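Engineer: Structure file protein-v3.cif (mmCIF, C-alpha atoms) is given on the next line.
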```
data_my_file
#
loop_
_atom_site.group_PDB
_atom_site.id
_atom_site.type_symbol
_atom_site.label_atom_id
_atom_site.label_comp_id
_atom_site.auth_asym_id
_atom_site.auth_seq_id
_atom_site.Cartn_x
_atom_site.Cartn_y
_atom_site.Cartn_z
ATOM 1 C CA MET A 1 1.618 -14.839 -47.751
ATOM 2 C CA SER A 2 -0.555 -16.018 -44.913
ATOM 3 C CA THR A 3 -3.859 -14.415 -44.249
ATOM 4 C CA LYS A 4 -5.403 -14.175 -40.836
ATOM 5 C CA ARG A 5 -8.874 -15.454 -40.381
ATOM 6 C CA LYS A 6 -11.273 -12.706 -39.385
ATOM 7 C CA LEU A 7 -13.744 -13.451 -36.659
ATOM 8 C CA SER A 8 -17.312 -13.216 -37.683
ATOM 9 C CA LEU A 9 -19.406 -10.727 -35.755
ATOM 10 C CA SER A 10 -22.267 -13.205 -35.638
ATOM 11 C CA THR A 11 -20.303 -15.773 -33.600
ATOM 12 C CA PRO A 12 -20.506 -15.120 -29.869
ATOM 13 C CA GLN A 13 -17.235 -14.122 -28.238
ATOM 14 C CA PRO A 14 -16.237 -15.997 -25.088
ATOM 15 C CA ALA A 15 -16.618 -13.864 -21.980
ATOM 16 C CA LYS A 16 -13.396 -12.835 -20.315
ATOM 17 C CA LYS A 17 -12.930 -14.586 -16.995
ATOM 18 C CA GLU A 18 -13.191 -12.061 -14.188
ATOM 19 C CA ARG A 19 -10.373 -11.963 -11.665
ATOM 20 C CA LYS A 20 -11.272 -12.802 -8.127
ATOM 21 C CA ALA A 21 -9.305 -11.774 -5.037
ATOM 22 C CA ILE A 22 -9.249 -14.203 -2.137
ATOM 23 C CA GLY A 23 -8.858 -13.133 1.468
ATOM 24 C CA LEU A 24 -6.326 -14.169 4.067
ATOM 25 C CA ASP A 25 -8.888 -16.432 5.741
ATOM 26 C CA THR A 26 -9.237 -18.464 2.530
ATOM 27 C CA LYS A 27 -5.473 -18.557 2.107
ATOM 28 C CA MET A 28 -5.049 -19.851 5.654
ATOM 29 C CA MET A 29 -7.646 -22.568 4.973
ATOM 30 C CA ILE A 30 -5.653 -23.626 1.904
ATOM 31 C CA LEU A 31 -2.458 -23.813 3.966
ATOM 32 C CA LYS A 32 -4.137 -25.869 6.705
ATOM 33 C CA GLN A 33 -5.631 -28.296 4.202
ATOM 34 C CA TYR A 34 -2.290 -28.747 2.450
ATOM 35 C CA GLU A 35 -0.501 -29.355 5.746
ATOM 36 C CA GLY A 36 -3.266 -31.827 6.613
ATOM 37 C CA GLY A 37 -2.199 -33.950 3.651
ATOM 38 C CA LYS A 38 -4.578 -32.895 0.889
ATOM 39 C CA LYS A 39 -3.187 -32.619 -2.614
ATOM 40 C CA VAL A 40 -3.178 -29.343 -4.531
ATOM 41 C CA ASN A 41 -5.685 -30.545 -7.143
ATOM 42 C CA VAL A 42 -8.136 -31.706 -4.475
ATOM 43 C CA ILE A 43 -7.920 -28.393 -2.634
ATOM 44 C CA ALA A 44 -8.431 -26.512 -5.898
ATOM 45 C CA CYS A 45 -11.566 -28.528 -6.737
ATOM 46 C CA ASP A 46 -12.991 -28.220 -3.218
ATOM 47 C CA MET A 47 -12.560 -24.452 -3.090
ATOM 48 C CA LYS A 48 -13.437 -23.868 -6.772
ATOM 49 C CA LEU A 49 -10.063 -22.259 -7.458
ATOM 50 C CA SER A 50 -7.508 -22.915 -10.156
ATOM 51 C CA HIS A 51 -4.500 -25.144 -9.535
ATOM 52 C CA SER A 52 -2.137 -22.218 -10.117
ATOM 53 C CA THR A 53 -3.917 -20.067 -7.514
ATOM 54 C CA VAL A 54 -3.522 -22.739 -4.854
ATOM 55 C CA SER A 55 0.123 -23.268 -5.838
ATOM 56 C CA THR A 56 0.810 -19.526 -5.592
ATOM 57 C CA VAL A 57 -0.738 -19.420 -2.120
ATOM 58 C CA LEU A 58 1.457 -22.346 -1.040
ATOM 59 C CA LYS A 59 4.526 -20.656 -2.487
ATOM 60 C CA ASP A 60 3.813 -17.469 -0.494
ATOM 61 C CA LYS A 61 2.968 -19.248 2.758
ATOM 62 C CA ASN A 62 5.647 -17.414 4.768
ATOM 63 C CA ARG A 63 4.384 -13.956 3.739
ATOM 64 C CA ILE A 64 0.787 -14.989 4.429
ATOM 65 C CA ARG A 65 1.648 -16.243 7.913
ATOM 66 C CA GLU A 66 3.578 -13.057 8.679
ATOM 67 C CA ALA A 67 0.603 -10.960 7.596
ATOM 68 C CA VAL A 68 -1.767 -12.973 9.801
ATOM 69 C CA ASN A 69 0.619 -12.832 12.769
ATOM 70 C CA GLY A 70 1.092 -9.097 12.170
ATOM 71 C CA SER A 71 -2.606 -8.685 13.053
ATOM 72 C CA ALA A 72 -3.750 -8.005 9.500
ATOM 73 C CA PRO A 73 -7.522 -8.392 9.175
ATOM 74 C CA LEU A 74 -8.431 -11.804 7.789
ATOM 75 C CA ARG A 75 -10.809 -10.225 5.273
ATOM 76 C CA SER A 76 -7.974 -8.304 3.601
ATOM 77 C CA THR A 77 -6.782 -9.430 0.194
ATOM 78 C CA VAL A 78 -3.536 -7.483 -0.209
ATOM 79 C CA ILE A 79 -0.428 -8.057 1.862
ATOM 80 C CA THR A 80 1.639 -4.893 2.245
ATOM 81 C CA LYS A 81 5.134 -4.534 3.587
ATOM 82 C CA GLN A 82 5.190 -3.316 7.167
ATOM 83 C CA HIS A 83 7.983 -0.907 8.064
ATOM 84 C CA THR A 84 9.705 -1.169 11.418
ATOM 85 C CA GLY A 85 11.756 1.188 13.520
ATOM 86 C CA PRO A 86 11.889 4.970 13.166
ATOM 87 C CA ILE A 87 10.222 5.001 9.729
ATOM 88 C CA HIS A 88 7.158 3.196 11.068
ATOM 89 C CA GLU A 89 6.968 5.468 14.116
ATOM 90 C CA MET A 90 7.428 8.559 11.934
ATOM 91 C CA GLU A 91 4.554 7.500 9.649
ATOM 92 C CA LYS A 92 2.230 7.024 12.621
ATOM 93 C CA LEU A 93 3.183 10.402 14.119
ATOM 94 C CA LEU A 94 2.915 12.129 10.739
ATOM 95 C CA ASN A 95 -0.541 10.663 10.195
ATOM 96 C CA ILE A 96 -1.664 11.976 13.606
ATOM 97 C CA TRP A 97 -0.181 15.397 12.831
ATOM 98 C CA MET A 98 -1.899 15.546 9.429
ATOM 99 C CA GLU A 99 -5.262 14.598 10.933
ATOM 100 C CA ASP A 100 -4.809 17.339 13.524
ATOM 101 C CA GLN A 101 -3.988 19.903 10.815
ATOM 102 C CA ILE A 102 -7.018 18.835 8.782
ATOM 103 C CA GLN A 103 -9.244 19.104 11.854
ATOM 104 C CA LYS A 104 -7.939 22.638 12.461
ATOM 105 C CA GLN A 105 -8.648 23.356 8.765
ATOM 106 C CA THR A 106 -5.041 24.352 8.205
ATOM 107 C CA PRO A 107 -4.053 24.074 4.533
ATOM 108 C CA LEU A 108 -1.283 21.541 3.975
ATOM 109 C CA SER A 109 1.294 21.835 1.253
ATOM 110 C CA LEU A 110 3.355 18.937 -0.006
ATOM 111 C CA PHE A 111 6.507 20.747 1.071
ATOM 112 C CA THR A 112 5.153 21.210 4.620
ATOM 113 C CA VAL A 113 4.280 17.535 4.994
ATOM 114 C CA GLN A 114 7.639 16.443 3.574
ATOM 115 C CA SER A 115 9.602 18.743 5.869
ATOM 116 C CA LYS A 116 7.577 17.594 8.889
ATOM 117 C CA ALA A 117 8.284 13.968 7.921
ATOM 118 C CA ARG A 118 12.009 14.665 7.609
ATOM 119 C CA SER A 119 12.161 16.427 10.979
ATOM 120 C CA LEU A 120 10.208 13.648 12.716
ATOM 121 C CA PHE A 121 12.447 11.001 11.177
ATOM 122 C CA GLY A 122 15.591 12.896 12.200
ATOM 123 C CA THR A 123 14.411 13.093 15.802
ATOM 124 C CA LEU A 124 13.387 9.437 15.907
ATOM 125 C CA LYS A 125 16.647 8.346 14.272
ATOM 126 C CA GLU A 126 18.628 10.164 16.991
ATOM 127 C CA HIS A 127 16.685 8.259 19.647
ATOM 128 C CA ALA A 128 17.282 4.958 17.814
ATOM 129 C CA GLY A 129 21.040 5.365 18.147
ATOM 130 C CA GLU A 130 24.006 5.291 15.812
ATOM 131 C CA ASP A 131 23.502 1.644 14.845
ATOM 132 C CA TYR A 132 20.367 2.522 12.816
ATOM 133 C CA SER A 133 21.639 3.272 9.318
ATOM 134 C CA GLN A 134 18.488 3.358 7.183
ATOM 135 C CA GLU A 135 17.914 6.640 5.341
ATOM 136 C CA PHE A 136 14.607 8.298 4.556
ATOM 137 C CA VAL A 137 13.723 10.441 1.547
ATOM 138 C CA ALA A 138 10.304 12.063 1.684
ATOM 139 C CA SER A 139 9.475 11.846 -2.019
ATOM 140 C CA THR A 140 6.130 12.733 -3.578
ATOM 141 C CA GLY A 141 5.504 9.082 -4.474
ATOM 142 C CA TRP A 142 6.148 7.932 -0.910
ATOM 143 C CA PHE A 143 3.688 10.473 0.434
ATOM 144 C CA LYS A 144 0.874 9.483 -1.907
ATOM 145 C CA LYS A 145 1.489 5.741 -1.648
ATOM 146 C CA ARG A 146 1.809 5.424 2.125
ATOM 147 C CA PHE A 147 -1.179 7.625 2.939
ATOM 148 C CA GLN A 148 -3.381 6.543 -0.016
ATOM 149 C CA LEU A 149 -3.790 10.154 -1.139
ATOM 150 C CA HIS A 150 -3.795 9.592 -4.896
ATOM 151 C CA ASN A 151 -6.579 12.032 -5.700
ATOM 152 C CA VAL A 152 -5.945 14.710 -3.068
ATOM 153 C CA ARG A 153 -5.026 18.144 -4.340
ATOM 154 C CA VAL A 154 -2.192 19.507 -2.249
ATOM 155 C CA THR A 155 -2.127 23.262 -1.818
ATOM 156 C CA GLY A 156 1.018 25.156 -2.670
ATOM 157 C CA GLU A 157 1.662 28.892 -2.944
ATOM 158 C CA ALA A 158 -1.839 29.902 -1.871
ATOM 159 C CA ALA A 159 -1.098 28.791 1.673
ATOM 160 C CA SER A 160 1.990 30.961 1.997
ATOM 161 C CA ALA A 161 1.304 34.078 -0.044
ATOM 162 C CA ASP A 162 3.776 36.935 0.131
ATOM 163 C CA GLU A 163 1.486 39.804 1.104
ATOM 164 C CA GLU A 164 4.269 42.393 1.248
ATOM 165 C CA GLY A 165 5.504 41.556 -2.256
ATOM 166 C CA ALA A 166 1.951 41.586 -3.598
ATOM 167 C CA SER A 167 1.267 45.064 -2.194
ATOM 168 C CA LYS A 168 4.476 46.403 -3.804
ATOM 169 C CA SER A 169 3.560 44.998 -7.205
ATOM 170 C CA VAL A 170 0.117 46.668 -7.025
ATOM 171 C CA ASP A 171 1.747 50.080 -6.514
#
```
Translate the structure described by the file into structure tokens.
Structural biologist:
Amino acid sequence: MSTKRKLSLSTPQPAKKERKAIGLDTKMMILKQYEGGKKVNVIACDMKLSHSTVSTVLKDKNRIREAVNGSAPLRSTVITKQHTGPIHEMEKLLNIWMEDQIQKQTPLSLFTVQSKARSLFGTLKEHAGEDYSQEFVASTGWFKKRFQLHNVRVTGEAASADEEGASKSVD
């Protein structure tokens, strides 16, 4: 039976290498240097990056170029998928509507936002024509992910209390 060697507490443990995110400007510099004829190892040494990081950037060069051409800020580190058509328009209009409701201090429920999103999408889909076949489901995950509202508490029944039913139950 094999026994595992236990690490001594007195020996120093190697520090875990911290991950580092690089921006689009750095990624574009890597692409330009590679297209200029530099080898991957040389680029990695010059920029103090690992060989695999440079290779991954070169592999994703099409997505990086699309993000830069799509007017993404060069300081950003994450490339997100950009929606087009009625879904994109609906998200912009919904964001404006939500900001207006927040400014008016109107409580928003998840159901209200989802129904508003569905109605906006339906209207925009009609204007897009019959050739647009993409469907939209206003799920809870979509709402939180697209609007970065992971820690927002959404009001529910308190916003639409049934005053008549409450007065009957008191009697």
Engineer: When distances are computed from all atoms listed in the file, which of A:Ala15, A:Ala21, A:Ala117, A:Met28 shows the smallest separation from Ala67 (chain A)?
Structural biologist: A:Met28
Engineer: Within 10 Å of Arg65 (chain A), counting only C-alpha atoms, which residues qualify if same-chain residues fewer than 3 places away don't, as number ranges by chain?
Structural biologist: A: 24, 27-28, 31, 60-62, 68-70, 72
Engineer: Can I get the residues of region 12-116 of chain A within 10 Å of region 126-144 of chain A, each with the closest pair of atoms and their distance in Å to one decimal, using all atoms listed in the file, sorted chain first then ascending number, as a Markdown table?
Structural biologist:
```
| residue | atom | partner | partner_atom | distance |
| --- | --- | --- | --- | --- |
| A:Gly85 | CA | A:Ala128 | CA | 7.9 |
| A:Pro86 | CA | A:Ala128 | CA | 7.1 |
| A:Ile87 | CA | A:Phe136 | CA | 7.5 |
| A:Glu91 | CA | A:Phe143 | CA | 9.7 |
| A:Leu110 | CA | A:Thr140 | CA | 7.7 |
| A:Phe111 | CA | A:Thr140 | CA | 9.3 |
| A:Val113 | CA | A:Phe143 | CA | 8.4 |
| A:Gln114 | CA | A:Ala138 | CA | 5.5 |
| A:Ser115 | CA | A:Ala138 | CA | 7.9 |
| A:Lys116 | CA | A:Ala138 | CA | 9.5 |
```
Engineer: Can you tell me, as a count of residues only, what residues are no more than 10 Å from region 94-96 of chain A when counting only C-alpha atoms, ignoring any on the same chain fewer than 3 positions away?
Structural biologist: 17
Engineer: Please indicate the distance in Å from CA of Cys45 (chain A) to CA of Met29 (chain A), rounded to one decimal place.
Structural biologist: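 Value for the CA of Cys45 (chain A)-CA of Met29 (chain A) distance: 13.7 Å.
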Engineer: Any idea what the distance is between CA of Val54 (chain A) and CA of Glu18 (chain A)?
Structural biologist: 17.2 Å
